[in-house]
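Structure file my_file-v7.csv (CSV, C-alpha atoms) follows.
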chain,number,residue,atom,x,y,z
R,1,MET,CA,-5.5,16.9,11.3
R,2,ALA,CA,-7.8,17.0,8.3
R,3,PRO,CA,-6.7,15.0,5.2
R,4,GLN,CA,-5.0,16.9,2.5
R,5,SER,CA,-6.9,17.2,-0.8
R,6,LEU,CA,-5.5,15.3,-3.7
R,7,GLU,CA,-5.3,18.6,-5.6
R,8,GLN,CA,-2.8,19.9,-3.0
R,9,TYR,CA,-0.8,16.8,-2.8
R,10,ARG,CA,2.7,17.2,-4.3
R,11,LYS,CA,2.7,13.7,-5.7
R,12,ALA,CA,-0.8,13.9,-7.2
R,13,TRP,CA,0.7,13.6,-10.7
R,14,ILE,CA,1.3,9.9,-10.1
R,15,PHE,CA,-2.5,9.3,-10.2
R,16,ARG,CA,-2.9,11.4,-13.3
R,17,HIS,CA,0.0,10.0,-15.3
R,18,LYS,CA,-0.9,9.9,-19.0
R,19,ASP,CA,0.0,6.2,-19.3
R,20,MET,CA,-1.8,5.2,-16.1
R,21,PRO,CA,-4.5,7.6,-15.3
R,22,VAL,CA,-6.8,6.8,-12.3
R,23,ASP,CA,-10.5,7.2,-13.1
R,24,GLU,CA,-12.4,10.0,-11.3
R,25,GLU,CA,-14.4,7.6,-9.1
R,26,ASN,CA,-11.2,6.1,-7.7
R,27,LEU,CA,-9.4,9.5,-7.4
R,28,LEU,CA,-12.1,10.5,-4.9
R,29,ARG,CA,-11.1,7.4,-2.9
R,30,ILE,CA,-7.4,8.3,-2.6
R,31,THR,CA,-6.6,10.5,0.3
R,32,PRO,CA,-3.2,11.9,1.3
R,33,LEU,CA,-3.3,12.2,5.0
R,34,GLY,CA,-1.3,15.4,5.5
R,35,GLU,CA,1.9,15.7,7.5
R,36,ALA,CA,0.4,15.7,11.1
R,37,ARG,CA,-1.9,12.7,10.6
R,38,SER,CA,0.8,10.8,8.6
R,39,LEU,CA,3.3,11.4,11.5
R,40,GLN,CA,0.8,10.2,14.1
R,41,LEU,CA,-0.1,7.0,12.1
R,42,TRP,CA,3.6,6.4,11.4
R,43,GLN,CA,4.6,6.6,15.0
R,44,GLN,CA,1.7,4.4,16.1
R,45,HIS,CA,2.2,1.7,13.5
R,46,VAL,CA,5.7,1.9,12.0
R,47,SER,CA,8.4,3.7,14.0
R,48,ASN,CA,8.9,6.3,16.8
R,49,GLN,CA,12.6,6.7,15.8
R,50,SER,CA,13.0,6.5,12.0
R,51,GLN,CA,11.3,8.9,9.7
R,52,HIS,CA,12.0,7.1,6.4
R,53,PRO,CA,12.1,3.4,5.4
R,54,GLU,CA,15.8,3.8,4.5
R,55,HIS,CA,16.6,4.7,8.1
R,56,PHE,CA,15.0,1.8,10.0
R,57,GLU,CA,17.1,0.7,12.9
R,58,GLY,CA,17.3,-2.2,15.3
R,59,ASP,CA,14.4,-1.2,17.5
R,60,ASP,CA,12.1,-0.6,14.5
R,61,TRP,CA,10.0,-3.7,13.7
R,62,PRO,CA,10.6,-3.3,10.0
R,63,ALA,CA,14.3,-3.7,10.6
R,64,LYS,CA,13.8,-7.1,12.3
R,65,GLU,CA,14.2,-10.1,10.0
R,66,SER,CA,11.7,-12.1,12.2
R,67,CYS,CA,8.9,-9.9,10.9
R,68,TRP,CA,9.5,-10.9,7.3
R,69,HIS,CA,8.7,-14.3,5.9
R,70,GLU,CA,8.7,-14.1,2.1
R,71,GLN,CA,10.4,-12.2,-0.7
R,72,GLY,CA,9.3,-11.6,-4.3
R,73,GLU,CA,9.7,-9.4,-7.3
R,74,TRP,CA,7.3,-6.6,-8.4
R,75,GLN,CA,9.4,-4.6,-10.9
R,76,GLU,CA,8.8,-6.9,-13.9
R,77,LEU,CA,5.0,-6.8,-13.4
R,78,TRP,CA,5.1,-3.1,-12.9
R,79,GLU,CA,6.7,-2.7,-16.3
R,80,SER,CA,4.4,-5.1,-18.0
R,81,ASP,CA,0.8,-4.8,-19.3
R,82,GLU,CA,-0.3,-7.1,-16.5
R,83,PRO,CA,-2.6,-5.1,-14.2
R,84,ASP,CA,-2.4,-7.4,-11.1
R,85,LEU,CA,-0.1,-7.3,-8.2
R,86,PRO,CA,2.2,-10.2,-7.8
R,87,GLN,CA,0.3,-13.4,-6.9
R,88,SER,CA,2.2,-13.9,-3.7
R,89,ILE,CA,1.0,-10.5,-2.4
R,90,LEU,CA,-2.6,-11.2,-3.4
R,91,GLN,CA,-2.5,-14.6,-1.7
R,92,ALA,CA,-0.9,-13.2,1.5
R,93,LEU,CA,-3.2,-10.2,1.8
R,94,ASP,CA,-6.6,-11.9,1.9
R,95,TRP,CA,-8.3,-8.6,2.7
R,96,ALA,CA,-11.9,-7.5,2.0
R,97,GLU,CA,-12.4,-5.0,-0.9
R,98,ASN,CA,-13.3,-2.2,1.6
R,99,THR,CA,-10.3,-2.7,3.9
R,100,VAL,CA,-8.7,0.7,4.6
R,101,VAL,CA,-5.1,0.6,3.6
R,102,TYR,CA,-2.2,3.0,4.2
R,103,PHE,CA,0.6,3.4,1.7
R,104,CYS,CA,3.4,4.8,3.8
R,105,TYR,CA,6.2,6.6,1.8
R,106,ASP,CA,7.7,8.1,5.0
R,107,SER,CA,6.7,9.6,8.3
R,108,ARG,CA,5.1,12.7,6.7
R,109,ASP,CA,3.7,11.2,3.5
R,110,ILE,CA,1.0,8.5,3.9
R,111,VAL,CA,-1.9,7.9,1.5
R,112,GLU,CA,-5.1,6.3,2.6
R,113,THR,CA,-7.4,4.3,0.2
R,114,LYS,CA,-9.3,1.0,0.1
R,115,TRP,CA,-7.8,-2.3,-0.8
R,116,ASP,CA,-9.7,-2.6,-4.1
R,117,VAL,CA,-8.4,0.8,-5.2
R,118,PHE,CA,-4.9,0.0,-4.3
R,119,ARG,CA,-5.0,-3.3,-6.0
R,120,LYS,CA,-6.3,-1.8,-9.2
R,121,HIS,CA,-3.9,1.2,-9.2
R,122,TRP,CA,-0.8,-0.2,-7.4
R,123,LYS,CA,1.5,0.8,-10.2
R,124,ASN,CA,0.7,4.5,-9.6
R,125,PHE,CA,1.6,4.3,-6.0
R,126,LEU,CA,4.9,2.7,-6.9
R,127,PHE,CA,6.2,5.6,-9.0
R,128,PHE,CA,8.1,6.2,-5.7
R,129,ASP,CA,9.7,3.0,-4.6
R,130,ASP,CA,12.3,3.8,-1.9
R,131,GLY,CA,10.9,1.4,0.7
R,132,PRO,CA,7.3,2.3,1.1
R,133,LEU,CA,5.1,0.1,3.3
R,134,LEU,CA,1.6,-1.1,2.6
R,135,LEU,CA,-0.4,-1.6,5.8
R,136,GLY,CA,-4.0,-2.6,6.3
R,137,LYS,CA,-6.0,-1.0,9.1
R,138,LYS,CA,-6.4,-3.5,11.9
R,139,ARG,CA,-4.4,-6.1,9.9
R,140,LYS,CA,-1.1,-7.7,10.8
R,141,GLN,CA,0.1,-8.4,7.2
R,142,VAL,CA,2.4,-5.9,5.7
R,143,VAL,CA,4.3,-5.5,2.4
R,144,GLN,CA,7.5,-3.4,1.9
R,145,PHE,CA,8.4,-2.5,-1.7
R,146,HIS,CA,12.2,-2.1,-2.3
R,147,GLN,CA,13.9,0.1,-4.9
R,148,ASP,CA,15.6,-2.9,-6.4
R,149,GLY,CA,12.3,-4.2,-7.7
R,150,SER,CA,11.7,-6.7,-4.8
R,151,PHE,CA,9.2,-6.8,-2.0
R,152,SER,CA,9.0,-8.3,1.4
R,153,LEU,CA,5.9,-9.9,2.9
R,154,GLY,CA,5.6,-10.1,6.7
R,155,ASN,CA,3.6,-9.4,9.8
R,156,ARG,CA,3.6,-6.4,12.1
R,157,PRO,CA,4.0,-7.1,15.8
R,158,GLY,CA,1.3,-6.4,18.3

Written as structure tokens, that's how I'd like the structure from this file.
Amino acid sequence: MAPQSLEQYRKAWIFRHKDMPVDEENLLRITPLGEARSLQLWQQHVSNQSQHPEHFEGDDWPAKESCWHEQGEWQELWESDEPDLPQSILQALDWAENTVVYFCYDSRDIVETKWDVFRKHWKNFLFFDDGPLLLGKKRKQVVQFHQDGSFSLGNRPG
């Protein structure tokens, strides 16, 4: 279950986009997990039933309203020259710079990086915005980004 190289990753272009290129140092810190490892992590931390955020069902914790406590907007900042994540996300995720984070597009497509890299390059990750989840390793807090330009802040159970 070795990680996939960024060169082999089918979405690697999002980190090399001409308008938002990621510097070489940080490219080395972005690791697509590959299908097998992504599926394992997804089943452990997200869902044993649903394979995509659009398909969460009643037994999936992300489908439970009780897990979510705040909503906000990300789209306007994404389209602006402002580099920072929305303030409410930054306040809710009081994580150390070196916290391992997983950006979960679906059960077979998860990217691992560190919190400082994600914070700096969050716009690149959100070229695909159909419900991805941001999880921190050994952290309860979670963010889900929705296609309509909103996000949900919450806590994972367990």

| field | Nearest residue to His69 of chain R from the set R:Asp109, R:Leu6, R:Gly158, R:Phe151 (distances using only C-alpha atoms) | value |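 Looking at the shortest contact to His69 of chain R, the residue is R:Phe151.
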
| said: Which residues are close to segment 15-27 of chain R, i.e. within 12 Å by all atoms listed in the file, leaving aside same-chain residues fewer than 5 positions away? Reply as a PyMOL selection string. | reply: chain R and resi 5-7+9-10+32+78-79+81+83+111-128

| said: List the spatial neighbours of Gly72 of chain R as a PyMOL selection string - criterion: any atom at most 10 Å away, only C-alpha atoms, same-chain residues fewer than 2 positions off excluded. | reply: chain R and resi 70+74-75+86-89+145+149-153

Surrounding residues of Arg156 of chain R excluding itself and chain neighbours under 5 positions, 7 Å, only C-alpha atoms, as a PDB file with C-alpha atoms, in the frame of the given file:
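Everything below was put into selection02.pdb:
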ATOM      1  CA  CYS R  67       8.900  -9.900  10.900  1.00  0.00           C
ATOM      2  CA  LYS R 140      -1.100  -7.700  10.800  1.00  0.00           C
ATOM      3  CA  GLN R 141       0.100  -8.400   7.200  1.00  0.00           C
ATOM      4  CA  VAL R 142       2.400  -5.900   5.700  1.00  0.00           C
TER       5      VAL R 142
END

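The list of residues with at least one atom within 9 Å of Arg108 of chain R, based on all atoms listed in the file and without residues fewer than 4 positions apart in the same chain, reads Leu33, Gly34, Glu35, Ala36, Arg37, Ser38, Leu39, Gln40, Trp42, Gln51, His52 and Cys104 of chain R.
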
Would you save the residues of that selection, restricted to C-alpha atoms, as a compact mmCIF listing (two decimals), in the coordinates of the input?
# COMPACT_ATOMS: atom_id res chain seq x y z
CA LEU R 33 -3.30 12.20 5.00
CA GLY R 34 -1.30 15.40 5.50
CA GLU R 35 1.90 15.70 7.50
CA ALA R 36 0.40 15.70 11.10
CA ARG R 37 -1.90 12.70 10.60
CA SER R 38 0.80 10.80 8.60
CA LEU R 39 3.30 11.40 11.50
CA GLN R 40 0.80 10.20 14.10
CA TRP R 42 3.60 6.40 11.40
CA GLN R 51 11.30 8.90 9.70
CA HIS R 52 12.00 7.10 6.40
CA CYS R 104 3.40 4.80 3.80

| said: Report, in Å with one decimal, the straight-line distance from atom CA of Gly131 of chain R to atom CA of Asp106 of chain R. | reply: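 It comes out at 8.6 Å.
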
| By how many Å are atom CA of Tyr102 of chain R and atom CA of Gln71 of chain R apart? |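 Pair atom CA of Tyr102 of chain R / atom CA of Gln71 of chain R returns 20.3 Å.
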
| message | Using all atoms listed in the file for the distances, tell me which of R:Gly136, R:Pro53, R:Gly58, R:Gly154 is nearest to Tyr105 of chain R. | response |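 Using all atoms listed in the file, Tyr105 of chain R sits closest to R:Pro53.
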
Can we get segment 6-155 of chain R of that structure written down with C-alpha atoms, as an mmCIF file, in the first residue's frame?
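In the end it all went to part07.cif:
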data_model
loop_
_atom_site.group_PDB
_atom_site.id
_atom_site.type_symbol
_atom_site.label_atom_id
_atom_site.label_comp_id
_atom_site.auth_asym_id
_atom_site.auth_seq_id
_atom_site.Cartn_x
_atom_site.Cartn_y
_atom_site.Cartn_z
ATOM 1 C CA LEU R 6 2.503 12.928 -7.465
ATOM 2 C CA GLU R 7 3.763 12.422 -11.021
ATOM 3 C CA GLN R 8 1.405 9.442 -11.451
ATOM 4 C CA TYR R 9 -1.560 11.135 -9.803
ATOM 5 C CA ARG R 10 -4.333 11.863 -12.309
ATOM 6 C CA LYS R 11 -5.184 15.159 -10.575
ATOM 7 C CA ALA R 12 -1.576 16.361 -10.269
ATOM 8 C CA TRP R 13 -2.357 19.276 -12.594
ATOM 9 C CA ILE R 14 -4.240 21.009 -9.765
ATOM 10 C CA PHE R 15 -0.913 21.538 -8.004
ATOM 11 C CA ARG R 16 0.797 22.816 -11.146
ATOM 12 C CA HIS R 17 -1.961 25.103 -12.392
ATOM 13 C CA LYS R 18 -0.400 28.146 -14.058
ATOM 14 C CA ASP R 19 -2.400 30.570 -11.920
ATOM 15 C CA MET R 20 -1.709 28.763 -8.622
ATOM 16 C CA PRO R 21 1.477 26.728 -8.879
ATOM 17 C CA VAL R 22 2.699 24.986 -5.741
ATOM 18 C CA ASP R 23 6.415 25.481 -5.065
ATOM 19 C CA GLU R 24 8.686 22.422 -5.413
ATOM 20 C CA GLU R 25 9.341 22.166 -1.666
ATOM 21 C CA ASN R 26 5.639 21.823 -0.931
ATOM 22 C CA LEU R 27 4.983 19.544 -3.926
ATOM 23 C CA LEU R 28 7.274 17.052 -2.195
ATOM 24 C CA ARG R 29 5.009 17.246 0.871
ATOM 25 C CA ILE R 30 1.793 16.376 -1.025
ATOM 26 C CA THR R 31 1.233 12.632 -1.252
ATOM 27 C CA PRO R 32 -1.658 10.919 -3.040
ATOM 28 C CA LEU R 33 -2.258 7.735 -1.051
ATOM 29 C CA GLY R 34 -3.190 5.402 -3.890
ATOM 30 C CA GLU R 35 -6.432 3.428 -4.114
ATOM 31 C CA ALA R 36 -5.758 0.680 -1.567
ATOM 32 C CA ARG R 37 -4.498 2.978 1.203
ATOM 33 C CA SER R 38 -7.227 5.539 0.463
ATOM 34 C CA LEU R 39 -9.911 2.877 0.751
ATOM 35 C CA GLN R 40 -8.471 1.642 4.057
ATOM 36 C CA LEU R 41 -8.332 5.141 5.541
ATOM 37 C CA TRP R 42 -11.823 5.995 4.210
ATOM 38 C CA GLN R 43 -13.328 2.881 5.759
ATOM 39 C CA GLN R 44 -11.594 3.542 9.102
ATOM 40 C CA HIS R 45 -12.442 7.230 9.386
ATOM 41 C CA VAL R 46 -15.288 8.090 7.031
ATOM 42 C CA SER R 47 -17.611 5.290 5.873
ATOM 43 C CA ASN R 48 -17.854 1.544 5.416
ATOM 44 C CA GLN R 49 -20.886 1.952 3.170
ATOM 45 C CA SER R 50 -20.626 5.002 0.950
ATOM 46 C CA GLN R 51 -17.770 5.484 -1.471
ATOM 47 C CA HIS R 52 -18.341 9.145 -2.297
ATOM 48 C CA PRO R 53 -19.429 12.159 -0.228
ATOM 49 C CA GLU R 54 -22.506 12.587 -2.412
ATOM 50 C CA HIS R 55 -23.711 9.139 -1.303
ATOM 51 C CA PHE R 56 -23.519 9.395 2.489
ATOM 52 C CA GLU R 57 -26.441 7.639 4.146
ATOM 53 C CA GLY R 58 -28.053 7.554 7.583
ATOM 54 C CA ASP R 59 -25.432 5.330 9.226
ATOM 55 C CA ASP R 60 -22.506 7.382 7.903
ATOM 56 C CA TRP R 61 -21.419 9.945 10.488
ATOM 57 C CA PRO R 62 -21.094 12.731 7.856
ATOM 58 C CA ALA R 63 -24.820 12.298 7.115
ATOM 59 C CA LYS R 64 -25.746 13.045 10.735
ATOM 60 C CA GLU R 65 -26.655 16.649 11.477
ATOM 61 C CA SER R 66 -25.408 16.220 15.046
ATOM 62 C CA CYS R 67 -21.808 16.015 13.760
ATOM 63 C CA TRP R 68 -21.951 19.482 12.205
ATOM 64 C CA HIS R 69 -22.086 22.708 14.215
ATOM 65 C CA GLU R 70 -21.196 25.550 11.879
ATOM 66 C CA GLN R 71 -21.598 26.556 8.242
ATOM 67 C CA GLY R 72 -19.690 29.082 6.191
ATOM 68 C CA GLU R 73 -18.736 30.145 2.695
ATOM 69 C CA TRP R 74 -15.465 29.352 0.925
ATOM 70 C CA GLN R 75 -16.163 30.106 -2.761
ATOM 71 C CA GLU R 76 -15.811 33.885 -2.573
ATOM 72 C CA LEU R 77 -12.391 33.634 -0.895
ATOM 73 C CA TRP R 78 -11.315 30.967 -3.371
ATOM 74 C CA GLU R 79 -12.057 33.333 -6.243
ATOM 75 C CA SER R 80 -10.338 36.300 -4.561
ATOM 76 C CA ASP R 81 -6.672 37.200 -4.211
ATOM 77 C CA GLU R 82 -6.930 36.507 -0.465
ATOM 78 C CA PRO R 83 -4.656 33.513 0.264
ATOM 79 C CA ASP R 84 -6.111 32.441 3.616
ATOM 80 C CA LEU R 85 -8.789 29.905 4.374
ATOM 81 C CA PRO R 86 -12.008 31.321 5.816
ATOM 82 C CA GLN R 87 -11.417 32.629 9.348
ATOM 83 C CA SER R 88 -13.975 30.308 10.927
ATOM 84 C CA ILE R 89 -12.056 27.288 9.586
ATOM 85 C CA LEU R 90 -8.748 28.644 10.876
ATOM 86 C CA GLN R 91 -10.283 29.282 14.293
ATOM 87 C CA ALA R 92 -11.948 25.866 14.496
ATOM 88 C CA LEU R 93 -8.867 23.928 13.387
ATOM 89 C CA ASP R 94 -6.296 24.951 15.950
ATOM 90 C CA TRP R 95 -3.813 22.396 14.648
ATOM 91 C CA ALA R 96 -0.016 22.433 14.807
ATOM 92 C CA GLU R 97 1.755 23.221 11.532
ATOM 93 C CA ASN R 98 3.038 19.641 11.226
ATOM 94 C CA THR R 99 -0.331 17.934 11.810
ATOM 95 C CA VAL R 100 -0.889 15.280 9.160
ATOM 96 C CA VAL R 101 -4.071 16.013 7.222
ATOM 97 C CA TYR R 102 -6.043 13.964 4.751
ATOM 98 C CA PHE R 103 -8.032 15.611 1.992
ATOM 99 C CA CYS R 104 -10.609 12.988 1.084
ATOM 100 C CA TYR R 105 -12.199 13.335 -2.358
ATOM 101 C CA ASP R 106 -13.743 9.857 -2.195
ATOM 102 C CA SER R 107 -12.978 6.330 -1.011
ATOM 103 C CA ARG R 108 -10.222 5.805 -3.575
ATOM 104 C CA ASP R 109 -8.780 9.308 -3.784
ATOM 105 C CA ILE R 110 -7.198 10.758 -0.649
ATOM 106 C CA VAL R 111 -4.244 13.120 -0.506
ATOM 107 C CA GLU R 112 -2.005 13.382 2.551
ATOM 108 C CA THR R 113 -0.066 16.487 3.479
ATOM 109 C CA LYS R 114 0.677 18.661 6.513
ATOM 110 C CA TRP R 115 -1.616 21.338 7.867
ATOM 111 C CA ASP R 116 0.754 24.176 6.922
ATOM 112 C CA VAL R 117 0.902 22.968 3.293
ATOM 113 C CA PHE R 118 -2.867 22.572 3.057
ATOM 114 C CA ARG R 119 -3.458 26.007 4.588
ATOM 115 C CA LYS R 120 -1.121 27.628 2.093
ATOM 116 C CA HIS R 121 -2.436 25.745 -0.968
ATOM 117 C CA TRP R 122 -6.073 25.025 -0.059
ATOM 118 C CA LYS R 123 -7.288 26.574 -3.291
ATOM 119 C CA ASN R 124 -5.464 23.927 -5.329
ATOM 120 C CA PHE R 125 -7.137 21.117 -3.401
ATOM 121 C CA LEU R 126 -10.545 22.679 -4.042
ATOM 122 C CA PHE R 127 -10.423 22.523 -7.820
ATOM 123 C CA PHE R 128 -12.583 19.466 -7.118
ATOM 124 C CA ASP R 129 -15.311 20.489 -4.715
ATOM 125 C CA ASP R 130 -17.987 17.806 -4.752
ATOM 126 C CA GLY R 131 -18.057 17.224 -1.011
ATOM 127 C CA PRO R 132 -14.445 16.489 -0.031
ATOM 128 C CA LEU R 133 -13.602 16.135 3.649
ATOM 129 C CA LEU R 134 -10.572 17.560 5.441
ATOM 130 C CA LEU R 135 -9.516 15.334 8.340
ATOM 131 C CA GLY R 136 -6.614 15.754 10.718
ATOM 132 C CA LYS R 137 -4.772 12.661 11.907
ATOM 133 C CA LYS R 138 -5.840 11.940 15.490
ATOM 134 C CA ARG R 139 -8.094 15.015 15.424
ATOM 135 C CA LYS R 140 -11.867 15.121 15.873
ATOM 136 C CA GLN R 141 -12.472 18.343 13.924
ATOM 137 C CA VAL R 142 -13.506 17.985 10.293
ATOM 138 C CA VAL R 143 -14.478 20.249 7.413
ATOM 139 C CA GLN R 144 -16.609 19.307 4.443
ATOM 140 C CA PHE R 145 -16.494 21.539 1.364
ATOM 141 C CA HIS R 146 -19.673 21.630 -0.702
ATOM 142 C CA GLN R 147 -20.106 22.347 -4.421
ATOM 143 C CA ASP R 148 -22.362 25.307 -3.726
ATOM 144 C CA GLY R 149 -19.402 27.194 -2.217
ATOM 145 C CA SER R 150 -20.280 26.480 1.402
ATOM 146 C CA PHE R 151 -18.528 24.399 4.017
ATOM 147 C CA SER R 152 -19.557 22.592 7.177
ATOM 148 C CA LEU R 153 -17.466 22.433 10.339
ATOM 149 C CA GLY R 154 -17.943 19.591 12.752
ATOM 150 C CA ASN R 155 -16.507 16.771 14.794
#
